[in-house]
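Participant: Questions regarding the structure given below will be posed in turn.
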Amino acid sequence: IKEYEHYLKTVKNCAHNTTVKYIRNMGKILRLAVQKDIIKKTPMSNLKFSIQEINKEFLSEQELEALLQKEFVSDRLTNIRDVFAFCCFTGLAFIDVKGLRKEDITTTPTGEMVIRKQRQKTGVWYNVPLLPVAKQILDKYEHKPFPDNQLLPVPSNVKMNAYLKEIADVCGINKNLTTHLARHTFATTITLANN
């Protein structure tokens, strides 16, 4: 088990918490093997692995407002800021925004516009209401053609995260802006502000 932990951390470059999750899954399999009399004892019985608490960063209302109000001289940075802001106001993962198409946006019987789609990562369906800022961003790019009928100018995740570092510098935000930080911003700042 210790060798497996070492392998996960060194060869597979897994972070501590990811390694612990894999080892715990292995433990479930080993306990099942004991129950089915395949093995007599699990080698994990005396081992303890604990998850480390992680501080998940997100943008405050003030930081998000500074980002939204910033005028960029480059269309490239403006586009990236808009995609990032869209992620902040919808909670969508990078790959789900990249794959967002017109047919994924529907109107409910009450007239509310929502994104209804399956998550690429898990296949789970979600319904996300389009808050006014997200709707304005979609409207801004409505008549611009993008590859594969994308609704927004989404580059690769590597480029997106590199450009977000530039945006953080320009906006004076001392956080590591990533597409995933946008999801944390949605889960905290945006959802709390919008009940």
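Chain identifiers are assigned as A, B, and so on, following the order in which chains appear in the structure tokens; residues are numbered from 1 within each chain, and ligands are numbered from 1 in order of appearance.
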Can you pull out every residue within 12 Å of His143 of chain A, counting only C-alpha atoms, but drop anything in the same chain fewer than 5 positions away, and send it as a PyMOL selection string?
Facilitator: chain A and resi 102+137-138+149-153
Participant: Need the shell around Glu71 of chain A: protein/DNA/RNA residues with any atom at most 12 Å away, counting only C-alpha atoms. Skip same-chain ones fewer than 6 positions apart. Format as a PDB file with N, CA, C and O atoms, in the first residue's frame?
Facilitator:
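Result file follows (out.pdb):
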```pdb
ATOM      1  N   LEU A  77      -7.769  39.684 -24.363  1.00  0.00           N
ATOM      2  CA  LEU A  77      -8.009  39.692 -22.917  1.00  0.00           C
ATOM      3  C   LEU A  77      -9.476  39.973 -22.599  1.00  0.00           C
ATOM      4  O   LEU A  77     -10.021  39.425 -21.636  1.00  0.00           O
ATOM      5  N   THR A  78     -10.121  40.805 -23.407  1.00  0.00           N
ATOM      6  CA  THR A  78     -11.548  41.066 -23.209  1.00  0.00           C
ATOM      7  C   THR A  78     -12.344  39.784 -23.381  1.00  0.00           C
ATOM      8  O   THR A  78     -13.216  39.465 -22.568  1.00  0.00           O
ATOM      9  N   ASN A  79     -12.027  39.018 -24.428  1.00  0.00           N
ATOM     10  CA  ASN A  79     -12.726  37.751 -24.671  1.00  0.00           C
ATOM     11  C   ASN A  79     -12.512  36.768 -23.527  1.00  0.00           C
ATOM     12  O   ASN A  79     -13.461  36.120 -23.065  1.00  0.00           O
ATOM     13  N   ARG A  81     -11.666  37.458 -20.408  1.00  0.00           N
ATOM     14  CA  ARG A  81     -12.385  37.964 -19.229  1.00  0.00           C
ATOM     15  C   ARG A  81     -13.867  37.609 -19.321  1.00  0.00           C
ATOM     16  O   ARG A  81     -14.473  37.183 -18.346  1.00  0.00           O
ATOM     17  N   ASP A  82     -14.456  37.763 -20.510  1.00  0.00           N
ATOM     18  CA  ASP A  82     -15.879  37.467 -20.680  1.00  0.00           C
ATOM     19  C   ASP A  82     -16.175  35.985 -20.464  1.00  0.00           C
ATOM     20  O   ASP A  82     -17.154  35.635 -19.804  1.00  0.00           O
ATOM     21  N   ILE A 167      -4.590  38.824 -16.887  1.00  0.00           N
ATOM     22  CA  ILE A 167      -5.746  39.605 -16.432  1.00  0.00           C
ATOM     23  C   ILE A 167      -5.642  39.898 -14.945  1.00  0.00           C
ATOM     24  O   ILE A 167      -5.916  41.018 -14.504  1.00  0.00           O
ATOM     25  N   VAL A 170      -3.181  42.739 -14.496  1.00  0.00           N
ATOM     26  CA  VAL A 170      -3.728  44.013 -14.965  1.00  0.00           C
ATOM     27  C   VAL A 170      -4.793  44.545 -14.004  1.00  0.00           C
ATOM     28  O   VAL A 170      -4.884  45.743 -13.764  1.00  0.00           O
ATOM     29  N   CYS A 171      -5.595  43.648 -13.439  1.00  0.00           N
ATOM     30  CA  CYS A 171      -6.683  44.051 -12.544  1.00  0.00           C
ATOM     31  C   CYS A 171      -6.248  44.175 -11.087  1.00  0.00           C
ATOM     32  O   CYS A 171      -7.051  44.562 -10.234  1.00  0.00           O
TER      33      CYS A 171
END
```
Participant: For Val114 of chain A, work out the shell of residues within 6 Å, counting only C-alpha atoms and skipping chain neighbours fewer than 3 positions away, then give it as a list in words.
Facilitator: Ile105, Thr106, Val128, Pro129 and Leu130 of chain A
Participant: Please indicate the distance in Å from atom CA of Val83 of chain A to atom CA of Lys98 of chain A, rounded to one decimal place.
Facilitator: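 One can read the atom CA of Val83 of chain A to atom CA of Lys98 of chain A distance as 9.2 Å.
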Participant: What lies within 10 Å of Ile51 of chain A using only C-alpha atoms, ignoring chain neighbours under 6 positions off, as a ChimeraX atom specification?
Facilitator: /A:16-21
Participant: Write down as a PyMOL selection string the residues of segment 67-174 of chain A whose backbone DSSP state falls under alpha helix (DSSP H).
Facilitator: chain A and resi 67-69+75-90+94-98+132-140+157-171
Participant: Restrict the selected residues to N, CA and C atoms and save them as a CSV table (one decimal), in the first residue's frame.
Facilitator:
```csv
chain,number,residue,atom,x,y,z
A,67,LEU,N,-12.9,43.2,-12.1
A,67,LEU,CA,-12.7,42.4,-13.3
A,67,LEU,C,-13.7,42.8,-14.4
A,68,LEU,N,-15.0,42.9,-14.0
A,68,LEU,CA,-16.0,43.2,-15.0
A,68,LEU,C,-15.9,44.6,-15.5
A,69,GLN,N,-15.4,45.5,-14.7
A,69,GLN,CA,-15.4,46.9,-15.1
A,69,GLN,C,-14.1,47.3,-15.9
A,75,ASP,N,-8.5,42.8,-27.5
A,75,ASP,CA,-9.7,42.0,-27.7
A,75,ASP,C,-9.5,40.6,-27.0
A,76,ARG,N,-8.3,40.1,-27.1
A,76,ARG,CA,-7.9,38.7,-26.6
A,76,ARG,C,-8.2,38.7,-25.1
A,77,LEU,N,-7.8,39.7,-24.4
A,77,LEU,CA,-8.0,39.7,-22.9
A,77,LEU,C,-9.5,40.0,-22.6
A,78,THR,N,-10.1,40.8,-23.4
A,78,THR,CA,-11.5,41.1,-23.2
A,78,THR,C,-12.3,39.8,-23.4
A,79,ASN,N,-12.0,39.0,-24.4
A,79,ASN,CA,-12.7,37.8,-24.7
A,79,ASN,C,-12.5,36.8,-23.5
A,80,ILE,N,-11.3,36.7,-23.1
A,80,ILE,CA,-11.0,35.7,-22.0
A,80,ILE,C,-11.7,36.2,-20.7
A,81,ARG,N,-11.7,37.5,-20.4
A,81,ARG,CA,-12.4,38.0,-19.2
A,81,ARG,C,-13.9,37.6,-19.3
A,82,ASP,N,-14.5,37.8,-20.5
A,82,ASP,CA,-15.9,37.5,-20.7
A,82,ASP,C,-16.2,36.0,-20.5
A,83,VAL,N,-15.3,35.1,-21.0
A,83,VAL,CA,-15.5,33.7,-20.8
A,83,VAL,C,-15.4,33.3,-19.3
A,84,PHE,N,-14.4,33.9,-18.7
A,84,PHE,CA,-14.2,33.7,-17.2
A,84,PHE,C,-15.4,34.2,-16.4
A,85,ALA,N,-15.8,35.4,-16.8
A,85,ALA,CA,-17.0,35.9,-16.0
A,85,ALA,C,-18.2,35.0,-16.3
A,86,PHE,N,-18.4,34.5,-17.5
A,86,PHE,CA,-19.5,33.6,-17.8
A,86,PHE,C,-19.4,32.4,-16.9
A,87,CYS,N,-18.2,31.9,-16.7
A,87,CYS,CA,-18.0,30.7,-15.8
A,87,CYS,C,-18.4,31.1,-14.4
A,88,CYS,N,-18.0,32.3,-14.0
A,88,CYS,CA,-18.3,32.8,-12.6
A,88,CYS,C,-19.8,32.9,-12.4
A,89,PHE,N,-20.6,33.3,-13.4
A,89,PHE,CA,-22.0,33.5,-13.2
A,89,PHE,C,-22.8,32.3,-13.6
A,90,THR,N,-22.2,31.2,-14.0
A,90,THR,CA,-23.0,30.0,-14.3
A,90,THR,C,-22.5,28.8,-13.5
A,94,PHE,N,-14.8,24.5,-17.5
A,94,PHE,CA,-14.2,25.0,-18.7
A,94,PHE,C,-14.7,24.2,-19.9
A,95,ILE,N,-14.7,22.9,-19.8
A,95,ILE,CA,-15.0,22.0,-21.0
A,95,ILE,C,-16.5,22.2,-21.3
A,96,ASP,N,-17.3,22.4,-20.3
A,96,ASP,CA,-18.8,22.6,-20.6
A,96,ASP,C,-19.1,23.9,-21.2
A,97,VAL,N,-18.3,25.0,-20.9
A,97,VAL,CA,-18.5,26.2,-21.6
A,97,VAL,C,-18.0,26.1,-23.0
A,98,LYS,N,-16.8,25.4,-23.2
A,98,LYS,CA,-16.3,25.3,-24.5
A,98,LYS,C,-17.3,24.5,-25.4
A,132,PRO,N,-28.4,37.8,-15.2
A,132,PRO,CA,-28.3,38.9,-16.2
A,132,PRO,C,-26.9,39.1,-16.8
A,133,VAL,N,-25.9,39.0,-16.0
A,133,VAL,CA,-24.5,39.2,-16.5
A,133,VAL,C,-24.2,38.1,-17.5
A,134,ALA,N,-24.5,36.8,-17.2
A,134,ALA,CA,-24.2,35.7,-18.2
A,134,ALA,C,-25.0,35.9,-19.4
A,135,LYS,N,-26.3,36.4,-19.3
A,135,LYS,CA,-27.1,36.6,-20.5
A,135,LYS,C,-26.5,37.7,-21.4
A,136,GLN,N,-26.0,38.8,-20.7
A,136,GLN,CA,-25.4,39.9,-21.5
A,136,GLN,C,-24.1,39.4,-22.2
A,137,ILE,N,-23.3,38.6,-21.6
A,137,ILE,CA,-22.1,38.0,-22.3
A,137,ILE,C,-22.5,37.2,-23.5
A,138,LEU,N,-23.6,36.4,-23.4
A,138,LEU,CA,-24.0,35.6,-24.5
A,138,LEU,C,-24.5,36.5,-25.6
A,139,ASP,N,-25.3,37.6,-25.2
A,139,ASP,CA,-25.8,38.5,-26.2
A,139,ASP,C,-24.7,39.2,-27.0
A,140,LYS,N,-23.6,39.6,-26.2
A,140,LYS,CA,-22.5,40.3,-26.8
A,140,LYS,C,-21.9,39.5,-28.0
A,157,ASN,N,-7.6,25.3,-22.7
A,157,ASN,CA,-7.6,25.5,-21.2
A,157,ASN,C,-6.2,26.1,-20.8
A,158,VAL,N,-5.2,25.6,-21.5
A,158,VAL,CA,-3.8,26.1,-21.2
A,158,VAL,C,-3.7,27.6,-21.5
A,159,LYS,N,-4.2,28.0,-22.7
A,159,LYS,CA,-4.1,29.4,-23.1
A,159,LYS,C,-5.0,30.2,-22.2
A,160,MET,N,-6.2,29.7,-21.9
A,160,MET,CA,-7.1,30.4,-21.0
A,160,MET,C,-6.5,30.7,-19.7
A,161,ASN,N,-5.9,29.7,-19.0
A,161,ASN,CA,-5.3,30.0,-17.7
A,161,ASN,C,-4.1,30.9,-17.8
A,162,ALA,N,-3.3,30.8,-18.9
A,162,ALA,CA,-2.2,31.7,-19.1
A,162,ALA,C,-2.7,33.2,-19.2
A,163,TYR,N,-3.7,33.4,-20.0
A,163,TYR,CA,-4.3,34.7,-20.2
A,163,TYR,C,-4.9,35.3,-18.9
A,164,LEU,N,-5.5,34.3,-18.1
A,164,LEU,CA,-6.1,34.8,-16.9
A,164,LEU,C,-5.0,35.3,-15.9
A,165,LYS,N,-3.8,34.8,-16.0
A,165,LYS,CA,-2.7,35.3,-15.1
A,165,LYS,C,-2.4,36.8,-15.5
A,166,GLU,N,-2.4,37.0,-16.8
A,166,GLU,CA,-2.2,38.4,-17.3
A,166,GLU,C,-3.4,39.3,-16.8
A,167,ILE,N,-4.6,38.8,-16.9
A,167,ILE,CA,-5.7,39.6,-16.4
A,167,ILE,C,-5.6,39.9,-14.9
A,168,ALA,N,-5.2,38.9,-14.2
A,168,ALA,CA,-5.1,39.1,-12.7
A,168,ALA,C,-4.1,40.2,-12.5
A,169,ASP,N,-3.0,40.2,-13.2
A,169,ASP,CA,-1.9,41.3,-13.0
A,169,ASP,C,-2.5,42.6,-13.4
A,170,VAL,N,-3.2,42.7,-14.5
A,170,VAL,CA,-3.7,44.0,-15.0
A,170,VAL,C,-4.8,44.5,-14.0
A,171,CYS,N,-5.6,43.6,-13.4
A,171,CYS,CA,-6.7,44.1,-12.5
A,171,CYS,C,-6.2,44.2,-11.1
```
Participant: Which residue gives the smallest distance to Ala66 of chain A among A:Thr191, A:Leu181, A:Lys41, A:Ile173, with only C-alpha atoms counted?
Facilitator: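 Residue with the minimum atom-to-atom distance to Ala66 of chain A: A:Ile173.
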Participant: List every residue of segment 3-127 of chain A that DSSP, applied to the backbone of this structure, places in strand (DSSP E), and write the result as a PyMOL selection string.
Facilitator: chain A and resi 105-107+113-118+125-127
Participant: Generate the output file for the selected residues, N, CA, C and O atoms, as a PDB file, in the first residue's frame.
Facilitator:
```pdb
ATOM      1  N   ILE A 105     -29.502  26.052 -24.535  1.00  0.00           N
ATOM      2  CA  ILE A 105     -30.190  27.109 -23.794  1.00  0.00           C
ATOM      3  C   ILE A 105     -31.678  27.024 -24.087  1.00  0.00           C
ATOM      4  O   ILE A 105     -32.093  27.049 -25.242  1.00  0.00           O
ATOM      5  N   THR A 106     -32.457  26.871 -23.024  1.00  0.00           N
ATOM      6  CA  THR A 106     -33.903  26.735 -23.164  1.00  0.00           C
ATOM      7  C   THR A 106     -34.609  27.758 -22.289  1.00  0.00           C
ATOM      8  O   THR A 106     -33.996  28.390 -21.426  1.00  0.00           O
ATOM      9  N   THR A 107     -35.885  27.891 -22.517  1.00  0.00           N
ATOM     10  CA  THR A 107     -36.706  28.793 -21.710  1.00  0.00           C
ATOM     11  C   THR A 107     -37.710  27.948 -20.942  1.00  0.00           C
ATOM     12  O   THR A 107     -38.382  27.083 -21.522  1.00  0.00           O
ATOM     13  N   MET A 113     -34.613  31.870 -18.692  1.00  0.00           N
ATOM     14  CA  MET A 113     -33.666  31.195 -19.570  1.00  0.00           C
ATOM     15  C   MET A 113     -32.705  30.363 -18.724  1.00  0.00           C
ATOM     16  O   MET A 113     -32.184  30.858 -17.721  1.00  0.00           O
ATOM     17  N   VAL A 114     -32.498  29.107 -19.139  1.00  0.00           N
ATOM     18  CA  VAL A 114     -31.611  28.207 -18.414  1.00  0.00           C
ATOM     19  C   VAL A 114     -30.716  27.459 -19.386  1.00  0.00           C
ATOM     20  O   VAL A 114     -31.061  27.268 -20.548  1.00  0.00           O
ATOM     21  N   ILE A 115     -29.557  27.062 -18.878  1.00  0.00           N
ATOM     22  CA  ILE A 115     -28.692  26.157 -19.619  1.00  0.00           C
ATOM     23  C   ILE A 115     -29.048  24.762 -19.140  1.00  0.00           C
ATOM     24  O   ILE A 115     -29.009  24.478 -17.943  1.00  0.00           O
ATOM     25  N   ARG A 116     -29.435  23.912 -20.065  1.00  0.00           N
ATOM     26  CA  ARG A 116     -29.768  22.517 -19.727  1.00  0.00           C
ATOM     27  C   ARG A 116     -28.862  21.641 -20.571  1.00  0.00           C
ATOM     28  O   ARG A 116     -28.943  21.626 -21.791  1.00  0.00           O
ATOM     29  N   LYS A 117     -27.996  20.910 -19.876  1.00  0.00           N
ATOM     30  CA  LYS A 117     -26.967  20.157 -20.576  1.00  0.00           C
ATOM     31  C   LYS A 117     -26.425  19.072 -19.653  1.00  0.00           C
ATOM     32  O   LYS A 117     -26.635  19.119 -18.451  1.00  0.00           O
ATOM     33  N   GLN A 118     -25.717  18.111 -20.226  1.00  0.00           N
ATOM     34  CA  GLN A 118     -25.030  17.106 -19.420  1.00  0.00           C
ATOM     35  C   GLN A 118     -23.590  17.546 -19.212  1.00  0.00           C
ATOM     36  O   GLN A 118     -22.943  18.036 -20.142  1.00  0.00           O
ATOM     37  N   TRP A 125     -26.968  15.541 -15.762  1.00  0.00           N
ATOM     38  CA  TRP A 125     -27.694  16.688 -16.307  1.00  0.00           C
ATOM     39  C   TRP A 125     -27.714  17.820 -15.280  1.00  0.00           C
ATOM     40  O   TRP A 125     -27.788  17.579 -14.085  1.00  0.00           O
ATOM     41  N   TYR A 126     -27.657  19.045 -15.766  1.00  0.00           N
ATOM     42  CA  TYR A 126     -27.772  20.208 -14.891  1.00  0.00           C
ATOM     43  C   TYR A 126     -28.651  21.253 -15.545  1.00  0.00           C
ATOM     44  O   TYR A 126     -28.816  21.291 -16.762  1.00  0.00           O
ATOM     45  N   ASN A 127     -29.257  22.077 -14.714  1.00  0.00           N
ATOM     46  CA  ASN A 127     -30.049  23.228 -15.144  1.00  0.00           C
ATOM     47  C   ASN A 127     -29.485  24.445 -14.439  1.00  0.00           C
ATOM     48  O   ASN A 127     -29.504  24.510 -13.213  1.00  0.00           O
TER      49      ASN A 127
END
```
